[in-house]
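*Asks:* Sharing work_22.cif here; it has mmCIF, C-alpha atoms.
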data_data
#
loop_
_atom_site.label_atom_id
_atom_site.label_comp_id
_atom_site.auth_asym_id
_atom_site.auth_seq_id
_atom_site.Cartn_x
_atom_site.Cartn_y
_atom_site.Cartn_z
CA MET A 5 108.49 11.31 109.49
CA ASP A 6 108.21 13.59 106.43
CA LEU A 7 104.52 14.35 106.83
CA MET A 8 104.14 16.72 103.89
CA GLN A 9 105.48 14.24 101.33
CA ARG A 10 102.88 11.62 102.26
CA LEU A 11 99.95 13.87 103.13
CA ASP A 12 96.83 13.81 100.96
CA PRO A 13 97.01 16.94 98.71
CA GLU A 14 93.70 18.38 99.93
CA LEU A 15 94.81 17.94 103.53
CA ALA A 16 98.18 19.47 102.74
CA ALA A 17 96.36 22.65 101.72
CA VAL A 18 94.68 22.81 105.14
CA LEU A 19 97.62 21.93 107.39
CA PRO A 20 99.41 25.33 107.22
CA GLN A 21 96.23 27.01 108.49
CA LEU A 22 96.09 24.93 111.66
CA PRO A 23 97.40 26.27 114.98
CA ALA A 24 100.14 24.41 116.81
CA MET A 25 98.88 21.89 119.36
CA ASP A 26 100.34 22.99 122.72
CA LEU A 27 99.15 21.15 125.82
CA THR A 28 101.63 22.80 128.18
CA ASP A 29 98.78 25.29 128.87
CA ILE A 30 95.66 23.11 128.95
CA PRO A 31 93.08 25.91 129.47
CA ALA A 32 94.49 27.77 126.46
CA ALA A 33 94.57 24.54 124.44
CA ARG A 34 90.89 23.95 125.23
CA ALA A 35 90.00 27.35 123.82
CA THR A 36 92.22 26.80 120.77
CA LEU A 37 90.56 23.47 119.99
CA MET A 38 87.05 24.88 120.19
CA ASP A 39 88.04 27.83 117.98
CA MET A 40 89.58 25.46 115.43
CA LEU A 41 86.52 23.21 115.33
CA ALA A 42 84.20 26.22 115.15
CA ALA A 43 86.10 27.39 112.08
CA ALA A 44 85.92 23.91 110.54
CA ASN A 45 82.17 23.78 111.21
CA GLU A 46 81.45 27.34 110.10
CA GLY A 47 78.06 27.55 108.44
CA ALA A 48 76.92 24.20 109.83
CA GLY A 49 73.90 25.29 111.87
CA PRO A 50 71.58 22.89 113.72
CA SER A 51 69.75 20.47 111.46
CA GLN A 52 66.03 21.06 111.16
CA ASN A 53 65.61 17.30 110.96
CA VAL A 54 67.17 16.58 114.36
CA ILE A 55 65.91 17.49 117.83
CA ARG A 56 68.46 18.02 120.60
CA GLU A 57 67.67 17.79 124.29
CA ASP A 58 70.05 17.92 127.27
CA HIS A 59 69.55 15.84 130.42
CA MET A 60 71.31 15.73 133.75
CA VAL A 61 71.65 12.12 134.82
CA PRO A 62 72.76 10.57 138.12
CA GLY A 63 76.49 10.18 138.56
CA LEU A 64 78.03 6.84 139.44
CA ASN A 65 78.28 5.97 143.14
CA GLY A 66 77.37 9.46 144.37
CA SER A 67 79.50 11.37 141.85
CA PRO A 68 78.15 14.66 140.45
CA GLU A 69 75.38 14.56 137.87
CA VAL A 70 76.45 14.00 134.27
CA ARG A 71 75.22 16.02 131.30
CA VAL A 72 74.16 14.07 128.24
CA ARG A 73 72.71 15.36 124.97
CA HIS A 74 70.03 13.34 123.19
CA TYR A 75 69.72 13.71 119.42
CA ARG A 76 66.72 12.17 117.68
CA PRO A 77 65.06 12.35 114.27
CA ALA A 78 62.45 15.10 114.24
CA ARG A 79 59.98 12.77 112.53
CA GLN A 80 60.79 9.68 114.56
CA SER A 81 58.11 7.03 114.78
CA GLY A 82 58.71 3.95 116.86
CA VAL A 83 61.98 2.90 118.43
CA VAL A 84 65.33 3.40 116.69
CA PRO A 85 68.87 2.21 117.38
CA CYS A 86 71.18 4.54 119.29
CA LEU A 87 74.82 5.58 119.09
CA TYR A 88 76.17 6.39 122.55
CA TRP A 89 78.97 8.85 121.77
CA ILE A 90 82.06 9.99 123.72
CA HIS A 91 83.70 13.14 122.38
CA GLY A 92 87.46 13.30 121.99
CA GLY A 93 90.13 15.74 123.08
CA GLY A 94 93.22 13.84 124.20
CA HIS A 95 91.50 13.12 127.53
CA VAL A 96 91.87 16.78 128.56
CA LEU A 97 90.10 18.86 125.88
CA GLY A 98 86.70 19.10 124.22
CA GLN A 99 83.03 19.17 125.09
CA ILE A 100 79.72 17.89 123.75
CA GLU A 101 79.09 20.89 121.52
CA GLN A 102 82.09 20.19 119.29
CA ASP A 103 80.38 17.14 117.80
CA ASP A 104 76.89 18.59 117.30
CA PRO A 105 77.29 18.72 113.48
CA MET A 106 78.58 15.14 113.39
CA MET A 107 75.76 13.84 115.56
CA ASP A 108 73.17 15.67 113.44
CA HIS A 109 74.68 14.11 110.33
CA ILE A 110 74.75 10.58 111.76
CA VAL A 111 71.16 10.79 113.01
CA GLU A 112 70.03 11.87 109.54
CA ALA A 113 72.25 9.59 107.48
CA VAL A 114 71.91 6.44 109.57
CA GLY A 115 68.35 6.86 110.84
CA CYS A 116 69.26 6.39 114.48
CA ALA A 117 69.29 8.39 117.69
CA ALA A 118 72.45 9.48 119.51
CA VAL A 119 73.33 10.28 123.11
CA SER A 120 76.57 12.19 123.74
CA VAL A 121 78.12 12.37 127.21
CA GLU A 122 80.01 15.24 128.87
CA TRP A 123 82.71 13.54 130.91
CA ARG A 124 84.75 15.30 133.57
CA ARG A 125 88.11 16.32 132.19
CA PRO A 126 91.57 15.63 133.57
CA PRO A 127 93.85 16.82 135.02
CA GLU A 128 91.19 18.28 137.31
CA HIS A 129 89.34 14.95 137.28
CA PRO A 130 91.66 12.04 136.39
CA PHE A 131 90.68 8.41 135.76
CA PRO A 132 88.37 6.83 136.84
CA ALA A 133 86.14 9.94 136.99
CA PRO A 134 85.75 10.34 133.19
CA MET A 135 85.00 6.63 132.72
CA ASP A 136 82.54 6.71 135.62
CA ASP A 137 80.69 9.51 133.81
CA CYS A 138 80.68 7.58 130.54
CA TYR A 139 79.32 4.48 132.27
CA ALA A 140 76.70 6.49 134.16
CA GLY A 141 75.42 7.97 130.91
CA LEU A 142 75.35 4.57 129.21
CA THR A 143 73.38 2.92 132.00
CA TRP A 144 70.94 5.87 132.03
CA THR A 145 70.44 5.56 128.27
CA HIS A 146 69.70 1.85 128.55
CA LYS A 147 67.42 2.25 131.57
CA ASN A 148 65.47 5.06 129.89
CA ALA A 149 65.41 3.53 126.42
CA ALA A 150 61.60 3.48 126.25
CA GLU A 151 61.28 7.18 127.11
CA LEU A 152 64.04 8.02 124.60
CA GLY A 153 62.47 5.96 121.82
CA VAL A 154 65.57 3.78 121.68
CA ASP A 155 65.88 0.04 121.16
CA PRO A 156 67.73 -1.19 124.30
CA GLN A 157 69.22 -4.09 122.34
CA ARG A 158 70.68 -1.85 119.63
CA ILE A 159 72.88 0.58 121.56
CA ALA A 160 76.35 1.05 120.09
CA VAL A 161 79.22 2.84 121.82
CA GLY A 162 81.47 5.13 119.84
CA GLY A 163 83.92 7.97 120.01
CA ALA A 164 86.83 9.62 118.25
CA SER A 165 90.44 9.95 119.41
CA SER A 166 90.48 9.77 123.22
CA GLY A 167 86.72 9.30 122.93
CA GLY A 168 87.38 6.25 120.76
CA GLY A 169 89.75 4.91 123.39
CA SER A 170 87.15 5.56 126.08
CA ALA A 171 84.51 3.83 123.95
CA ALA A 172 86.76 0.77 123.75
CA GLY A 173 87.29 0.95 127.52
CA LEU A 174 83.55 1.36 128.06
CA ALA A 175 82.85 -1.72 125.94
CA LEU A 176 85.27 -3.68 128.13
CA LEU A 177 83.62 -2.34 131.28
CA ALA A 178 80.10 -3.09 130.03
CA ARG A 179 81.14 -6.63 129.12
CA ASP A 180 82.70 -7.23 132.53
CA ARG A 181 79.82 -5.77 134.55
CA GLY A 182 77.12 -7.41 132.45
CA GLU A 183 74.54 -4.68 133.11
CA VAL A 184 74.16 -3.08 129.68
CA PRO A 185 74.24 -4.94 126.35
CA VAL A 186 76.36 -3.14 123.74
CA CYS A 187 75.77 -4.18 120.13
CA PHE A 188 78.71 -2.48 118.38
CA GLN A 189 81.89 -0.43 118.85
CA LEU A 190 82.62 2.56 116.59
CA LEU A 191 86.26 3.28 117.41
CA VAL A 192 87.34 6.28 115.33
CA TYR A 193 91.17 6.58 115.33
CA PRO A 194 91.14 5.63 119.02
CA MET A 195 93.73 6.58 121.64
CA LEU A 196 94.40 3.17 123.20
CA ASP A 197 97.90 2.80 124.63
CA ASP A 198 99.54 4.84 127.38
CA ARG A 199 102.99 3.33 126.77
CA ASN A 200 103.88 5.43 123.70
CA VAL A 201 106.42 2.96 122.35
CA THR A 202 105.16 2.29 118.80
CA PRO A 203 107.14 3.62 115.82
CA ALA A 204 104.39 6.10 114.92
CA SER A 205 104.14 7.40 118.48
CA VAL A 206 107.85 8.23 118.35
CA ALA A 207 108.04 9.55 114.79
CA LEU A 208 105.09 11.93 114.68
CA THR A 209 106.25 15.25 116.11
CA GLU A 210 104.56 17.74 113.72
CA PRO A 211 103.25 20.54 116.03
CA ARG A 212 100.04 21.22 114.06
CA VAL A 213 98.62 17.71 114.55
CA TRP A 214 98.21 15.46 117.56
CA ASN A 215 101.85 14.61 118.28
CA ARG A 216 104.08 12.79 120.73
CA GLU A 217 104.38 15.66 123.20
CA CYS A 218 100.60 16.13 123.30
CA ASN A 219 100.08 12.42 123.77
CA LEU A 220 102.50 12.20 126.67
CA ILE A 221 100.83 15.14 128.42
CA GLY A 222 97.32 13.79 127.78
CA TRP A 223 98.08 10.35 129.17
CA ARG A 224 99.89 11.76 132.19
CA ALA A 225 96.90 13.98 132.98
CA TYR A 226 94.47 11.06 132.58
CA VAL A 227 96.13 8.28 134.58
CA GLY A 228 98.78 10.13 136.61
CA ASP A 229 101.67 8.09 137.97
CA ALA A 230 100.18 4.89 136.51
CA VAL A 231 101.16 6.01 133.00
CA GLY A 232 103.53 3.55 131.35
CA THR A 233 103.27 1.06 134.22
CA GLU A 234 101.36 -2.16 134.84
CA ALA A 235 99.16 -0.20 137.26
CA CYS A 236 97.39 1.46 134.32
CA SER A 237 93.85 0.09 134.02
CA PRO A 238 92.74 -1.50 130.73
CA TYR A 239 89.53 0.51 131.07
CA ALA A 240 91.72 3.60 130.69
CA ALA A 241 94.17 2.12 128.16
CA PRO A 242 92.35 -0.70 126.34
CA ALA A 243 95.54 -1.84 124.59
CA ARG A 244 96.48 -3.28 128.00
CA ALA A 245 93.44 -5.59 128.11
CA THR A 246 94.59 -9.23 128.04
CA ASP A 247 91.21 -10.76 127.13
CA LEU A 248 89.14 -9.25 124.31
CA ARG A 249 86.76 -12.18 123.95
CA GLY A 250 83.04 -11.49 124.11
CA LEU A 251 83.26 -7.87 122.99
CA PRO A 252 80.77 -6.51 120.43
CA PRO A 253 81.73 -6.19 116.75
CA ALA A 254 84.00 -3.25 116.00
CA TYR A 255 84.69 -0.77 113.21
CA LEU A 256 88.02 1.03 113.38
CA PRO A 257 89.04 3.72 110.84
CA VAL A 258 92.38 5.56 111.01
CA GLY A 259 94.68 7.57 108.74
CA ASP A 260 98.11 6.16 108.00
CA LEU A 261 99.74 9.42 109.21
CA ASP A 262 97.98 9.27 112.57
CA LEU A 263 99.99 8.92 115.79
CA PHE A 264 97.66 6.03 116.71
CA ILE A 265 98.04 4.01 113.49
CA ASP A 266 100.23 1.26 115.01
CA GLU A 267 98.26 0.74 118.20
CA ASP A 268 94.96 0.83 116.30
CA ILE A 269 96.04 -1.83 113.79
CA GLU A 270 97.34 -4.01 116.62
CA TYR A 271 94.09 -3.65 118.57
CA ALA A 272 92.02 -4.53 115.49
CA GLN A 273 94.16 -7.62 114.95
CA ARG A 274 93.77 -8.68 118.57
CA LEU A 275 90.00 -8.23 118.36
CA GLN A 276 89.93 -10.49 115.31
CA GLN A 277 92.12 -13.04 117.06
CA ALA A 278 89.60 -13.02 119.93
CA ASP A 279 86.79 -13.89 117.47
CA VAL A 280 85.34 -10.36 117.57
CA PRO A 281 84.09 -9.36 114.08
CA THR A 282 86.25 -6.34 113.25
CA GLU A 283 86.50 -4.04 110.24
CA LEU A 284 89.68 -1.98 109.94
CA HIS A 285 90.05 0.89 107.46
CA VAL A 286 93.39 2.65 106.91
CA TYR A 287 93.22 5.86 104.87
CA PRO A 288 96.45 6.72 103.01
CA GLY A 289 97.49 10.34 103.46
CA GLY A 290 95.20 10.91 106.45
CA ILE A 291 96.31 12.75 109.59
CA HIS A 292 94.58 12.62 112.96
CA GLY A 293 91.12 14.16 112.76
CA PHE A 294 91.27 14.75 109.02
CA ASP A 295 87.54 14.11 108.63
CA LEU A 296 86.88 17.14 110.85
CA LEU A 297 89.70 19.40 109.70
CA ALA A 298 89.05 18.97 105.98
CA SER A 299 85.54 17.57 105.85
CA GLY A 300 85.06 18.61 102.22
CA SER A 301 88.08 16.68 100.95
CA LYS A 302 87.55 13.53 98.92
CA LEU A 303 89.41 11.48 101.53
CA ALA A 304 87.20 12.79 104.34
CA GLN A 305 84.03 12.24 102.32
CA ARG A 306 85.03 8.62 101.73
CA PHE A 307 85.84 8.24 105.44
CA ILE A 308 82.43 9.65 106.44
CA ARG A 309 80.54 7.51 103.93
CA ASP A 310 82.35 4.36 105.08
CA ARG A 311 81.64 5.18 108.75
CA ASP A 312 77.94 5.82 108.15
CA GLU A 313 77.54 2.61 106.17
CA ALA A 314 79.26 0.63 108.94
CA LEU A 315 76.76 1.97 111.47
CA GLN A 316 73.85 1.19 109.17
CA ARG A 317 75.04 -2.40 108.86
CA ALA A 318 75.52 -2.70 112.61
CA PHE A 319 71.97 -1.51 113.29
CA GLN A 320 70.24 -3.78 110.80
#
Show me the file's structure as structure tokens.
*Replies:*
Amino acid sequence: MDLMQRLDPELAAVLPQLPAMDLTDIPAARATLMDMLAAANEGAGPSQNVIREDHMVPGLNGSPEVRVRHYRPARQSGVVPCLYWIHGGGHVLGQIEQDDPMMDHIVEAVGCAAVSVEWRRPPEHPFPAPMDDCYAGLTWTHKNAAELGVDPQRIAVGGASSGGGSAAGLALLARDRGEVPVCFQLLVYPMLDDRNVTPASVALTEPRVWNRECNLIGWRAYVGDAVGTEACSPYAAPARATDLRGLPPAYLPVGDLDLFIDEDIEYAQRLQQADVPTELHVYPGGIHGFDLLASGSKLAQRFIRDRDEALQRAFQ
């Protein structure tokens, strides 16, 4: 794939400044990601209109406690809807703090609260540990909705990249267990399929964006020997789910130069075929994470505006 010929011009100006994505040394890659996001968010201090508070919540089935971060409007009165957010990082990178600016923005723009979960990271803690943490945080949010000032019937799940894939898996898990109602899925360029057989998953090898090598390493770390086999759980790789009926409405935005473009379009189609109201947006010239890497670009601004409006509609 000739990425530069198809890349949005404003994104093309940013791409040469990005470090190569190298997951052969995961600890180093974690530091690189946080440095890159810190540079992208430079000057974006905490919003004075949003209050953040961390909580340690019970882990699932005796697992260690899980850290969640609650964001709420500083002038909140009454109950508000809530976005339950799962940060991304290819299943092996990232932490809550990377999405603080995004959560502040969503709370202000949408008029909701947010709860972000810190899941245990593979390869130290492979599946199902990360999903257990995500589910533990979701059940805590629902159980404590009154104390959080949250409407328990208007809790959406969302995430970006691997977080988007985990949000889709969490929606499946919540549906199947029937313990927590989920009103909406915000699946931002989600990482859905461990098989890595789509044309885009083969073609995209550019080292400065999420590429095939990174994806193979991330999936292997997450699901181990189950990767690429029928043993891989649909809660880990939602593209493997055979029944999507009864899931909450979904919004799925992705760039057309994203490694996940094919699997995301297919998942959106399958949701629609299962009578799940689904809105799919494909952004021409967009690479993976372009809304974070070039947030001031016209393409990213349109992406952000569309995302915020989708959440507002979902919470009406």
*Asks:* Might you spell out which residues the PyMOL selection byres ((chain A and resi 203) around 10) would select in the displayed file, as a PDB file with C-alpha atoms, in the frame of the given file?
*Replies:*
ATOM      1  CA  ASN A 200     103.880   5.430 123.700  1.00  0.00           C
ATOM      2  CA  VAL A 201     106.420   2.960 122.350  1.00  0.00           C
ATOM      3  CA  THR A 202     105.160   2.290 118.800  1.00  0.00           C
ATOM      4  CA  ALA A 204     104.390   6.100 114.920  1.00  0.00           C
ATOM      5  CA  SER A 205     104.140   7.400 118.480  1.00  0.00           C
ATOM      6  CA  VAL A 206     107.850   8.230 118.350  1.00  0.00           C
ATOM      7  CA  ALA A 207     108.040   9.550 114.790  1.00  0.00           C
ATOM      8  CA  LEU A 208     105.090  11.930 114.680  1.00  0.00           C
ATOM      9  CA  LEU A 263      99.990   8.920 115.790  1.00  0.00           C
ATOM     10  CA  PHE A 264      97.660   6.030 116.710  1.00  0.00           C
ATOM     11  CA  ILE A 265      98.040   4.010 113.490  1.00  0.00           C
ATOM     12  CA  ASP A 266     100.230   1.260 115.010  1.00  0.00           C
ATOM     13  CA  GLU A 267      98.260   0.740 118.200  1.00  0.00           C
TER      14      GLU A 267
END
*Asks:* Around all the atoms of stretch 212-219 of chain A listed in the file, with 4 Å of room on each side, what axis-aligned box do you get, giving centre and edge lengths in Å to one decimal, as JSON?
*Replies:*
{"center_x": 101.3, "center_y": 16.8, "center_z": 118.9, "size_x": 14.2, "size_y": 16.8, "size_z": 17.7}
*Asks:* Let me make sure I understand: among A:Tyr239, A:Tyr139, A:Tyr271, A:Tyr255, which one has the smallest atom-to-atom distance to A:Leu176 if we use only C-alpha atoms?
*Replies:*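 With only C-alpha atoms as the atom set, the closest residue is A:Tyr239.
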*Asks:* Considering all atoms listed in the file, can you say which of A:Pro31, A:Gly250, A:Gly300, A:Gly63 comes closest to A:Gln277?
*Replies:* A:Gly250
*Asks:* Determine the nearest neighbour of A:Phe188 from the options A:Glu122, A:Glu151, A:Glu57, A:Glu283, counting only C-alpha atoms.
*Replies:* A:Glu283
*Asks:* Neighbours of A:Tyr193 within 6 Å (only C-alpha atoms; same-chain residues fewer than 4 positions away dropped), as a PyMOL selection string?
*Replies:* chain A and resi 165+257-258
*Asks:* Running the PyMOL selection byres ((chain A and resi 65-75) around 7) on this model by hand, what would come out? Give it as JSON, numbers by chain.
*Replies:* {"A": [54, 55, 56, 57, 58, 59, 60, 61, 62, 63, 64, 76, 117, 118, 119, 120, 121, 122, 137, 141]}
*Asks:* For the residues in the current selection, export C-alpha atoms as a PDB file, keeping the file's coordinate frame.
*Replies:*
ATOM      1  CA  VAL A  54      67.170  16.580 114.360  1.00  0.00           C
ATOM      2  CA  ILE A  55      65.910  17.490 117.830  1.00  0.00           C
ATOM      3  CA  ARG A  56      68.460  18.020 120.600  1.00  0.00           C
ATOM      4  CA  GLU A  57      67.670  17.790 124.290  1.00  0.00           C
ATOM      5  CA  ASP A  58      70.050  17.920 127.270  1.00  0.00           C
ATOM      6  CA  HIS A  59      69.550  15.840 130.420  1.00  0.00           C
ATOM      7  CA  MET A  60      71.310  15.730 133.750  1.00  0.00           C
ATOM      8  CA  VAL A  61      71.650  12.120 134.820  1.00  0.00           C
ATOM      9  CA  PRO A  62      72.760  10.570 138.120  1.00  0.00           C
ATOM     10  CA  GLY A  63      76.490  10.180 138.560  1.00  0.00           C
ATOM     11  CA  LEU A  64      78.030   6.840 139.440  1.00  0.00           C
ATOM     12  CA  ARG A  76      66.720  12.170 117.680  1.00  0.00           C
ATOM     13  CA  ALA A 117      69.290   8.390 117.690  1.00  0.00           C
ATOM     14  CA  ALA A 118      72.450   9.480 119.510  1.00  0.00           C
ATOM     15  CA  VAL A 119      73.330  10.280 123.110  1.00  0.00           C
ATOM     16  CA  SER A 120      76.570  12.190 123.740  1.00  0.00           C
ATOM     17  CA  VAL A 121      78.120  12.370 127.210  1.00  0.00           C
ATOM     18  CA  GLU A 122      80.010  15.240 128.870  1.00  0.00           C
ATOM     19  CA  ASP A 137      80.690   9.510 133.810  1.00  0.00           C
ATOM     20  CA  GLY A 141      75.420   7.970 130.910  1.00  0.00           C
TER      21      GLY A 141
END
*Asks:* Rank nothing, just name the residue among A:Leu174, A:Ala16, A:Cys116, A:Leu275 nearest to A:Pro238, using only C-alpha atoms.
*Replies:*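 So, comparing all the options, the nearest one is A:Leu174.
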*Asks:* Could you pull the residues within 9 Å of A:His146, counting all atoms listed in the file, minus those fewer than 4 positions along the same chain, as a PyMOL selection string?
*Replies:* chain A and resi 141-142+150+154-157+159+184-185
*Asks:* Give me a file of those residues, with C-alpha atoms, as a short mmCIF file (atom, residue, chain, number, x, y, z; two decimals), in the coordinates of the input.
*Replies:*
data_model
loop_
_atom_site.label_atom_id
_atom_site.label_comp_id
_atom_site.auth_asym_id
_atom_site.auth_seq_id
_atom_site.Cartn_x
_atom_site.Cartn_y
_atom_site.Cartn_z
CA GLY A 141 75.42 7.97 130.91
CA LEU A 142 75.35 4.57 129.21
CA ALA A 150 61.60 3.48 126.25
CA VAL A 154 65.57 3.78 121.68
CA ASP A 155 65.88 0.04 121.16
CA PRO A 156 67.73 -1.19 124.30
CA GLN A 157 69.22 -4.09 122.34
CA ILE A 159 72.88 0.58 121.56
CA VAL A 184 74.16 -3.08 129.68
CA PRO A 185 74.24 -4.94 126.35
#
*Asks:* Just the number, please: distance in Å from atom CA of A:Thr209 to atom CA of A:Gly93, one decimal.
*Replies:*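 That distance, rounded to one decimal, is 17.6 Å.
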*Asks:* With distances taken over only C-alpha atoms, which of A:Leu152, A:Ala318, A:Leu297, A:Ile308 is nearest to A:Glu46?
*Replies:*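 Of A:Leu152, A:Ala318, A:Leu297, A:Ile308, the one nearest A:Glu46 is A:Leu297, counting only C-alpha atoms.
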*Asks:* Check the smallest atom-to-atom distance from each of A:Ile90, A:Ala78, A:Ala43, A:Ala164 to A:Gly115 using only C-alpha atoms, then report the winner.
*Replies:*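 Between A:Ile90, A:Ala78, A:Ala43, A:Ala164, the residue approaching A:Gly115 most closely is A:Ala78.
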*Asks:* For A:Asn219, please output as a PyMOL selection string all residues within 8 Å (counting all atoms listed in the file; exclusion window: fewer than 4 positions along the same chain).
*Replies:* chain A and resi 94+200+214-215+223
*Asks:* Create the file for the chosen residues now, containing C-alpha atoms and written as a JSON list (two decimals), in the frame of the given file.
*Replies:*
[["chain", "number", "residue", "atom", "x", "y", "z"],
["A", 94, "GLY", "CA", 93.22, 13.84, 124.20],
["A", 200, "ASN", "CA", 103.88, 5.43, 123.70],
["A", 214, "TRP", "CA", 98.21, 15.46, 117.56],
["A", 215, "ASN", "CA", 101.85, 14.61, 118.28],
["A", 223, "TRP", "CA", 98.08, 10.35, 129.17]]
*Asks:* Can you measure atom CA of A:Gly92 to atom CA of A:Ser166 for me? One decimal in Å is fine.
*Replies:*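 Between atom CA of A:Gly92 and atom CA of A:Ser166 the gap works out to 4.8 Å.
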*Asks:* Could you write out as a list of chain:residue names the residues that the PyMOL selection byres ((chain A and resi 245) around 12) matches in the shown file?
*Replies:*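 Applying the PyMOL selection byres ((chain A and resi 245) around 12) to the structure shown produces A:Ala172, A:Gly173, A:Ala175, A:Leu176, A:Leu177, A:Asp180, A:Leu196, A:Asp197, A:Glu234, A:Cys236, A:Ser237, A:Pro238, A:Tyr239, A:Ala240, A:Ala241, A:Pro242, A:Ala243, A:Arg244, A:Thr246, A:Asp247, A:Leu248, A:Arg249, A:Leu251, A:Tyr271, A:Arg274, A:Leu275, A:Ala278.
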*Asks:* Next, the residues of the selection above should be written as a PDB file, in the frame of the given file with C-alpha atoms.
*Replies:*
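Ended up saving to part.pdb:
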ATOM      1  CA  ALA A 172      86.760   0.770 123.750  1.00  0.00           C
ATOM      2  CA  GLY A 173      87.290   0.950 127.520  1.00  0.00           C
ATOM      3  CA  ALA A 175      82.850  -1.720 125.940  1.00  0.00           C
ATOM      4  CA  LEU A 176      85.270  -3.680 128.130  1.00  0.00           C
ATOM      5  CA  LEU A 177      83.620  -2.340 131.280  1.00  0.00           C
ATOM      6  CA  ASP A 180      82.700  -7.230 132.530  1.00  0.00           C
ATOM      7  CA  LEU A 196      94.400   3.170 123.200  1.00  0.00           C
ATOM      8  CA  ASP A 197      97.900   2.800 124.630  1.00  0.00           C
ATOM      9  CA  GLU A 234     101.360  -2.160 134.840  1.00  0.00           C
ATOM     10  CA  CYS A 236      97.390   1.460 134.320  1.00  0.00           C
ATOM     11  CA  SER A 237      93.850   0.090 134.020  1.00  0.00           C
ATOM     12  CA  PRO A 238      92.740  -1.500 130.730  1.00  0.00           C
ATOM     13  CA  TYR A 239      89.530   0.510 131.070  1.00  0.00           C
ATOM     14  CA  ALA A 240      91.720   3.600 130.690  1.00  0.00           C
ATOM     15  CA  ALA A 241      94.170   2.120 128.160  1.00  0.00           C
ATOM     16  CA  PRO A 242      92.350  -0.700 126.340  1.00  0.00           C
ATOM     17  CA  ALA A 243      95.540  -1.840 124.590  1.00  0.00           C
ATOM     18  CA  ARG A 244      96.480  -3.280 128.000  1.00  0.00           C
ATOM     19  CA  THR A 246      94.590  -9.230 128.040  1.00  0.00           C
ATOM     20  CA  ASP A 247      91.210 -10.760 127.130  1.00  0.00           C
ATOM     21  CA  LEU A 248      89.140  -9.250 124.310  1.00  0.00           C
ATOM     22  CA  ARG A 249      86.760 -12.180 123.950  1.00  0.00           C
ATOM     23  CA  LEU A 251      83.260  -7.870 122.990  1.00  0.00           C
ATOM     24  CA  TYR A 271      94.090  -3.650 118.570  1.00  0.00           C
ATOM     25  CA  ARG A 274      93.770  -8.680 118.570  1.00  0.00           C
ATOM     26  CA  LEU A 275      90.000  -8.230 118.360  1.00  0.00           C
ATOM     27  CA  ALA A 278      89.600 -13.020 119.930  1.00  0.00           C
TER      28      ALA A 278
END
*Asks:* Please compute the atom CA of A:Asp310-atom CA of A:Ala48 distance, one decimal, in Å.
*Replies:* 21.1 Å
